[in-house]
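*Asks:* Just one file: coords20.pdb, with PDB, C-alpha atoms, pLDDT in the B column.
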```pdb
MODEL        1
ATOM      1  CA  GLN A   1     -49.269  -6.298  -3.199  1.00 77.00           C
ATOM      2  CA  VAL A   2     -50.259  -6.993   0.380  1.00 85.00           C
ATOM      3  CA  GLN A   3     -47.384  -7.540   2.780  1.00 91.00           C
ATOM      4  CA  VAL A   4     -47.688  -9.247   6.147  1.00 94.00           C
ATOM      5  CA  VAL A   5     -45.624  -8.918   9.310  1.00 96.00           C
ATOM      6  CA  GLU A   6     -45.768 -11.346  12.215  1.00 97.00           C
ATOM      7  CA  SER A   7     -45.220 -10.468  15.858  1.00 98.00           C
ATOM      8  CA  GLY A   8     -45.909 -11.817  19.316  1.00 98.00           C
ATOM      9  CA  GLY A   9     -43.517 -14.728  19.507  1.00 98.00           C
ATOM     10  CA  GLY A  10     -41.303 -15.434  22.472  1.00 98.00           C
ATOM     11  CA  LEU A  11     -40.214 -17.849  25.152  1.00 98.00           C
ATOM     12  CA  VAL A  12     -43.057 -19.374  27.140  1.00 98.00           C
ATOM     13  CA  GLN A  13     -43.208 -22.173  29.675  1.00 97.00           C
ATOM     14  CA  ASN A  14     -44.830 -25.520  29.009  1.00 97.00           C
ATOM     15  CA  GLY A  15     -48.589 -25.042  29.320  1.00 98.00           C
ATOM     16  CA  GLY A  16     -48.408 -21.300  28.783  1.00 98.00           C
ATOM     17  CA  SER A  17     -50.069 -19.059  26.212  1.00 98.00           C
ATOM     18  CA  LEU A  18     -49.078 -16.614  23.496  1.00 98.00           C
ATOM     19  CA  ARG A  19     -50.969 -14.570  20.958  1.00 98.00           C
ATOM     20  CA  LEU A  20     -49.380 -14.063  17.564  1.00 98.00           C
ATOM     21  CA  SER A  21     -50.382 -11.214  15.285  1.00 98.00           C
ATOM     22  CA  CYS A  22     -50.210 -10.965  11.509  1.00 96.00           C
ATOM     23  CA  ALA A  23     -50.512  -7.354  10.418  1.00 94.00           C
ATOM     24  CA  ALA A  24     -51.205  -6.663   6.750  1.00 90.00           C
ATOM     25  CA  SER A  25     -50.041  -3.571   4.877  1.00 86.00           C
ATOM     26  CA  GLY A  26     -53.328  -3.348   3.039  1.00 74.00           C
ATOM     27  CA  THR A  27     -56.907  -4.247   3.628  1.00 76.00           C
ATOM     28  CA  ILE A  28     -57.505  -7.915   4.358  1.00 75.00           C
ATOM     29  CA  PHE A  29     -61.236  -7.679   3.815  1.00 72.00           C
ATOM     30  CA  ARG A  30     -61.004  -9.101   0.306  1.00 78.00           C
ATOM     31  CA  ILE A  31     -58.206 -11.620   0.934  1.00 84.00           C
ATOM     32  CA  PRO A  32     -59.881 -15.026   0.742  1.00 88.00           C
ATOM     33  CA  VAL A  33     -57.500 -16.950   2.969  1.00 93.00           C
ATOM     34  CA  ILE A  34     -54.970 -16.028   5.637  1.00 95.00           C
ATOM     35  CA  GLY A  35     -53.125 -18.810   7.342  1.00 97.00           C
ATOM     36  CA  TRP A  36     -50.474 -19.633   9.886  1.00 98.00           C
ATOM     37  CA  TYR A  37     -47.701 -22.131   9.220  1.00 98.00           C
ATOM     38  CA  ARG A  38     -44.716 -23.171  11.303  1.00 98.00           C
ATOM     39  CA  GLN A  39     -41.292 -24.639  10.738  1.00 98.00           C
ATOM     40  CA  ALA A  40     -39.317 -26.395  13.434  1.00 97.00           C
ATOM     41  CA  PRO A  41     -35.555 -26.902  13.145  1.00 92.00           C
ATOM     42  CA  GLY A  42     -34.759 -29.664  10.676  1.00 95.00           C
ATOM     43  CA  LYS A  43     -38.386 -30.065   9.623  1.00 97.00           C
ATOM     44  CA  GLN A  44     -40.517 -28.914   6.728  1.00 98.00           C
ATOM     45  CA  ARG A  45     -42.929 -26.030   7.064  1.00 98.00           C
ATOM     46  CA  GLU A  46     -46.340 -27.280   8.135  1.00 98.00           C
ATOM     47  CA  PHE A  47     -49.867 -25.935   8.183  1.00 98.00           C
ATOM     48  CA  VAL A  48     -51.223 -24.745  11.525  1.00 98.00           C
ATOM     49  CA  ALA A  49     -54.488 -22.887  10.915  1.00 98.00           C
ATOM     50  CA  ARG A  50     -56.299 -20.777   8.322  1.00 98.00           C
ATOM     51  CA  ILE A  51     -59.229 -18.421   8.255  1.00 96.00           C
ATOM     52  CA  PHE A  52     -61.370 -17.572   5.248  1.00 94.00           C
ATOM     53  CA  SER A  53     -62.981 -14.237   4.489  1.00 91.00           C
ATOM     54  CA  SER A  54     -66.276 -15.843   5.485  1.00 91.00           C
ATOM     55  CA  GLY A  55     -64.894 -16.481   8.945  1.00 92.00           C
ATOM     56  CA  SER A  56     -64.629 -20.229   8.487  1.00 96.00           C
ATOM     57  CA  THR A  57     -61.535 -21.827   9.973  1.00 98.00           C
ATOM     58  CA  ASN A  58     -59.395 -24.935   9.592  1.00 98.00           C
ATOM     59  CA  TYR A  59     -56.856 -26.335  12.041  1.00 98.00           C
ATOM     60  CA  ALA A  60     -54.147 -28.955  12.018  1.00 98.00           C
ATOM     61  CA  ASP A  61     -55.059 -31.900  14.215  1.00 98.00           C
ATOM     62  CA  SER A  62     -52.049 -31.208  16.419  1.00 98.00           C
ATOM     63  CA  VAL A  63     -53.401 -27.810  17.516  1.00 98.00           C
ATOM     64  CA  LYS A  64     -57.169 -28.360  17.557  1.00 98.00           C
ATOM     65  CA  GLY A  65     -58.669 -27.337  20.864  1.00 98.00           C
ATOM     66  CA  ARG A  66     -55.551 -25.370  21.833  1.00 98.00           C
ATOM     67  CA  PHE A  67     -55.123 -22.736  19.102  1.00 98.00           C
ATOM     68  CA  THR A  68     -57.687 -20.254  17.833  1.00 98.00           C
ATOM     69  CA  ILE A  69     -57.350 -18.159  14.694  1.00 98.00           C
ATOM     70  CA  SER A  70     -59.325 -14.954  14.274  1.00 97.00           C
ATOM     71  CA  ARG A  71     -59.321 -11.890  12.060  1.00 93.00           C
ATOM     72  CA  ASP A  72     -60.050  -8.233  12.702  1.00 92.00           C
ATOM     73  CA  ASN A  73     -60.776  -6.683   9.316  1.00 88.00           C
ATOM     74  CA  ALA A  74     -60.905  -3.188  10.804  1.00 90.00           C
ATOM     75  CA  LYS A  75     -57.316  -3.557  12.007  1.00 91.00           C
ATOM     76  CA  ASN A  76     -56.148  -5.590   8.992  1.00 90.00           C
ATOM     77  CA  THR A  77     -54.813  -8.147  11.419  1.00 94.00           C
ATOM     78  CA  VAL A  78     -55.128 -11.886  11.925  1.00 96.00           C
ATOM     79  CA  TYR A  79     -54.412 -13.411  15.308  1.00 98.00           C
ATOM     80  CA  LEU A  80     -53.378 -16.852  16.491  1.00 98.00           C
ATOM     81  CA  GLN A  81     -54.189 -17.434  20.147  1.00 98.00           C
ATOM     82  CA  MET A  82     -52.110 -20.349  21.373  1.00 98.00           C
ATOM     83  CA  ASN A  83     -52.986 -21.971  24.684  1.00 98.00           C
ATOM     84  CA  ASN A  84     -51.556 -24.971  26.524  1.00 98.00           C
ATOM     85  CA  LEU A  85     -48.322 -24.689  24.556  1.00 98.00           C
ATOM     86  CA  LYS A  86     -46.071 -27.724  24.388  1.00 98.00           C
ATOM     87  CA  PRO A  87     -42.384 -28.178  23.564  1.00 97.00           C
ATOM     88  CA  GLU A  88     -43.382 -29.641  20.194  1.00 97.00           C
ATOM     89  CA  ASP A  89     -44.956 -26.280  19.319  1.00 98.00           C
ATOM     90  CA  THR A  90     -41.477 -24.748  19.226  1.00 98.00           C
ATOM     91  CA  ALA A  91     -40.971 -23.326  15.739  1.00 98.00           C
ATOM     92  CA  VAL A  92     -40.842 -20.218  13.625  1.00 98.00           C
ATOM     93  CA  TYR A  93     -44.413 -19.220  12.861  1.00 98.00           C
ATOM     94  CA  TYR A  94     -45.247 -17.657   9.502  1.00 98.00           C
ATOM     95  CA  CYS A  95     -48.295 -15.842   8.239  1.00 97.00           C
ATOM     96  CA  ASN A  96     -49.483 -16.326   4.639  1.00 97.00           C
ATOM     97  CA  ALA A  97     -52.065 -14.257   2.800  1.00 94.00           C
ATOM     98  CA  VAL A  98     -53.473 -15.829  -0.355  1.00 93.00           C
ATOM     99  CA  GLY A  99     -55.868 -14.444  -2.914  1.00 88.00           C
ATOM    100  CA  PRO A 100     -56.145 -13.223  -6.507  1.00 85.00           C
ATOM    101  CA  GLY A 101     -52.729 -11.809  -7.281  1.00 84.00           C
ATOM    102  CA  VAL A 102     -51.649 -12.220  -3.659  1.00 87.00           C
ATOM    103  CA  ASP A 103     -49.355 -14.815  -2.100  1.00 92.00           C
ATOM    104  CA  SER A 104     -47.508 -13.060   0.668  1.00 94.00           C
ATOM    105  CA  TRP A 105     -45.334 -14.545   3.422  1.00 96.00           C
ATOM    106  CA  GLY A 106     -43.920 -12.751   6.404  1.00 96.00           C
ATOM    107  CA  GLN A 107     -40.475 -13.162   7.936  1.00 97.00           C
ATOM    108  CA  GLY A 108     -41.747 -15.258  10.807  1.00 98.00           C
ATOM    109  CA  THR A 109     -41.766 -15.019  14.577  1.00 98.00           C
ATOM    110  CA  GLN A 110     -40.035 -17.484  16.878  1.00 98.00           C
ATOM    111  CA  VAL A 111     -41.987 -19.407  19.491  1.00 98.00           C
ATOM    112  CA  THR A 112     -39.976 -21.429  21.998  1.00 98.00           C
ATOM    113  CA  VAL A 113     -41.437 -23.766  24.613  1.00 98.00           C
ATOM    114  CA  PRO A 114     -38.656 -25.421  26.626  1.00 97.00           C
ATOM    115  CA  SER A 115     -39.197 -28.996  27.748  1.00 91.00           C
TER     116      SER A 115
ENDMDL
END
```
Write out the structure in this file as structure tokens.

*Replies:*
Amino acid sequence: QVQVVESGGGLVQNGGSLRLSCAASGTIFRIPVIGWYRQAPGKQREFVARIFSSGSTNYADSVKGRFTISRDNAKNTVYLQMNNLKPEDTAVYYCNAVGPGVDSWGQGTQVTVPS
């Protein structure tokens, strides 16, 4: 079973940038989809971005043009580059790896953008 661990969160000013990392315990080469989700206080977890093994990507409308998801199969890591961060981006960010026999969530990493 593949396990994922997120890192890279922190406190950043309005308009700043962060890069989140999702490191997998095993090879991600054959994992069809790896995605990022977030959950703000008092809200449900929501989709942020996903990347397929083909390299195709999807984004939530709220982050299009600001966030970029990428994967480095050699390092078994998926990244989420977040630019022009806004207070509404404040949340715990989770990585999710999905494939045959795989549905793995990490513990999350906190991103805080004060208003």

*Asks:* So what does the PyMOL selection byres ((chain A and resi 5-21) around 6) actually pick up in this one, as a list in words?

*Replies:*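 On the file shown, the PyMOL selection byres ((chain A and resi 5-21) around 6) covers Val4, Cys22, Ala23, Val78, Tyr79, Leu80, Gln81, Met82, Asn83, Asn84, Leu85, Lys86, Gly106, Gly108, Thr109, Gln110, Val111, Thr112 and Val113 of chain A.
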
*Asks:* Could you write out that same residue set with C-alpha atoms as an mmCIF file, in the coordinates of the input?

*Replies:*
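Result went into result-v3.cif, see below:
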```cif
data_model
loop_
_atom_site.group_PDB
_atom_site.id
_atom_site.type_symbol
_atom_site.label_atom_id
_atom_site.label_comp_id
_atom_site.auth_asym_id
_atom_site.auth_seq_id
_atom_site.Cartn_x
_atom_site.Cartn_y
_atom_site.Cartn_z
ATOM 1 C CA VAL A 4 -47.688 -9.247 6.147
ATOM 2 C CA CYS A 22 -50.210 -10.965 11.509
ATOM 3 C CA ALA A 23 -50.512 -7.354 10.418
ATOM 4 C CA VAL A 78 -55.128 -11.886 11.925
ATOM 5 C CA TYR A 79 -54.412 -13.411 15.308
ATOM 6 C CA LEU A 80 -53.378 -16.852 16.491
ATOM 7 C CA GLN A 81 -54.189 -17.434 20.147
ATOM 8 C CA MET A 82 -52.110 -20.349 21.373
ATOM 9 C CA ASN A 83 -52.986 -21.971 24.684
ATOM 10 C CA ASN A 84 -51.556 -24.971 26.524
ATOM 11 C CA LEU A 85 -48.322 -24.689 24.556
ATOM 12 C CA LYS A 86 -46.071 -27.724 24.388
ATOM 13 C CA GLY A 106 -43.920 -12.751 6.404
ATOM 14 C CA GLY A 108 -41.747 -15.258 10.807
ATOM 15 C CA THR A 109 -41.766 -15.019 14.577
ATOM 16 C CA GLN A 110 -40.035 -17.484 16.878
ATOM 17 C CA VAL A 111 -41.987 -19.407 19.491
ATOM 18 C CA THR A 112 -39.976 -21.429 21.998
ATOM 19 C CA VAL A 113 -41.437 -23.766 24.613
#
```

*Asks:* I'd like the contact shell of range 24-37 of chain A - 6 Å cut-off, only C-alpha atoms, skipping same-chain residues fewer than 3 positions apart - returned as an MDAnalysis selection string.

*Replies:* chainID A and resid 2:4 46:53 73 76 93:99

*Asks:* If you apply the PyMOL selection byres ((chain A and resi 39) around 9) to this file, what residues do you get, as an mmCIF file with C-alpha atoms, keeping the file's coordinate frame?

*Replies:*
```
data_model
loop_
_atom_site.group_PDB
_atom_site.id
_atom_site.type_symbol
_atom_site.label_atom_id
_atom_site.label_comp_id
_atom_site.auth_asym_id
_atom_site.auth_seq_id
_atom_site.Cartn_x
_atom_site.Cartn_y
_atom_site.Cartn_z
ATOM 1 C CA TYR A 37 -47.701 -22.131 9.220
ATOM 2 C CA ARG A 38 -44.716 -23.171 11.303
ATOM 3 C CA ALA A 40 -39.317 -26.395 13.434
ATOM 4 C CA PRO A 41 -35.555 -26.902 13.145
ATOM 5 C CA GLY A 42 -34.759 -29.664 10.676
ATOM 6 C CA LYS A 43 -38.386 -30.065 9.623
ATOM 7 C CA GLN A 44 -40.517 -28.914 6.728
ATOM 8 C CA ARG A 45 -42.929 -26.030 7.064
ATOM 9 C CA GLU A 46 -46.340 -27.280 8.135
ATOM 10 C CA THR A 90 -41.477 -24.748 19.226
ATOM 11 C CA ALA A 91 -40.971 -23.326 15.739
ATOM 12 C CA VAL A 92 -40.842 -20.218 13.625
ATOM 13 C CA TYR A 93 -44.413 -19.220 12.861
ATOM 14 C CA TYR A 94 -45.247 -17.657 9.502
#
```

*Asks:* Give the padded box for range 14-18 of chain A as AutoDock Vina command-line options: axis-aligned, covering all atoms listed in the file, 4 Å on each side, centre and edge lengths in Å to one decimal.

*Replies:*
```
--center_x -47.4 --center_y -21.1 --center_z 26.4 --size_x 13.2 --size_y 16.9 --size_z 13.8
```

*Asks:* Scan for residues within 9 Å of the point (-38.3, -29.7, 31.2) in the coordinates of the file, using all atoms listed in the file, and reply as a list in words.

*Replies:*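 The residues that fall inside the cut-off are Asn14, Pro87, Pro114 and Ser115 of chain A.
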
*Asks:* What separation in Å, quoted to one decimal, exists between CA of Phe67 in chain A and CA of Gly55 in chain A?

*Replies:* 15.4 Å

*Asks:* Calculate how many Å separate CA of Gly65 in chain A from CA of Ser104 in chain A, rounding to one decimal.

*Replies:*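 That distance, rounded to one decimal, is 27.1 Å.
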
*Asks:* Rounded to one decimal, what separation in Å do you get between CA of Gln1 in chain A and CA of Ala74 in chain A?

*Replies:*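 CA of Gln1 in chain A sits 18.5 Å away from CA of Ala74 in chain A.
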
*Asks:* When you get a chance, write out N, CA and C atoms for range 84-96 of chain A, as a tab-separated table (two decimals), keeping the file's coordinate frame.

*Replies:*
```
chain	number	residue	atom	x	y	z
A	84	ASN	N	-52.10	-23.66	26.16
A	84	ASN	CA	-51.56	-24.97	26.52
A	84	ASN	C	-50.39	-25.35	25.60
A	85	LEU	N	-49.45	-24.45	25.46
A	85	LEU	CA	-48.32	-24.69	24.56
A	85	LEU	C	-47.44	-25.82	25.05
A	86	LYS	N	-46.89	-26.56	24.10
A	86	LYS	CA	-46.07	-27.72	24.39
A	86	LYS	C	-44.71	-27.55	23.73
A	87	PRO	N	-43.71	-28.29	24.20
A	87	PRO	CA	-42.38	-28.18	23.56
A	87	PRO	C	-42.42	-28.45	22.06
A	88	GLU	N	-43.30	-29.34	21.63
A	88	GLU	CA	-43.38	-29.64	20.19
A	88	GLU	C	-43.99	-28.50	19.38
A	89	ASP	N	-44.48	-27.47	20.03
A	89	ASP	CA	-44.96	-26.28	19.32
A	89	ASP	C	-43.82	-25.31	18.99
A	90	THR	N	-42.63	-25.60	19.50
A	90	THR	CA	-41.48	-24.75	19.23
A	90	THR	C	-41.19	-24.70	17.73
A	91	ALA	N	-41.17	-23.50	17.17
A	91	ALA	CA	-40.97	-23.33	15.74
A	91	ALA	C	-40.97	-21.84	15.41
A	92	VAL	N	-40.61	-21.55	14.17
A	92	VAL	CA	-40.84	-20.22	13.62
A	92	VAL	C	-42.22	-20.24	12.99
A	93	TYR	N	-43.05	-19.29	13.35
A	93	TYR	CA	-44.41	-19.22	12.86
A	93	TYR	C	-44.52	-18.15	11.78
A	94	TYR	N	-45.12	-18.54	10.65
A	94	TYR	CA	-45.25	-17.66	9.50
A	94	TYR	C	-46.72	-17.41	9.17
A	95	CYS	N	-46.97	-16.20	8.72
A	95	CYS	CA	-48.30	-15.84	8.24
A	95	CYS	C	-48.27	-15.83	6.71
A	96	ASN	N	-49.38	-16.27	6.10
A	96	ASN	CA	-49.48	-16.33	4.64
A	96	ASN	C	-50.85	-15.81	4.21
```
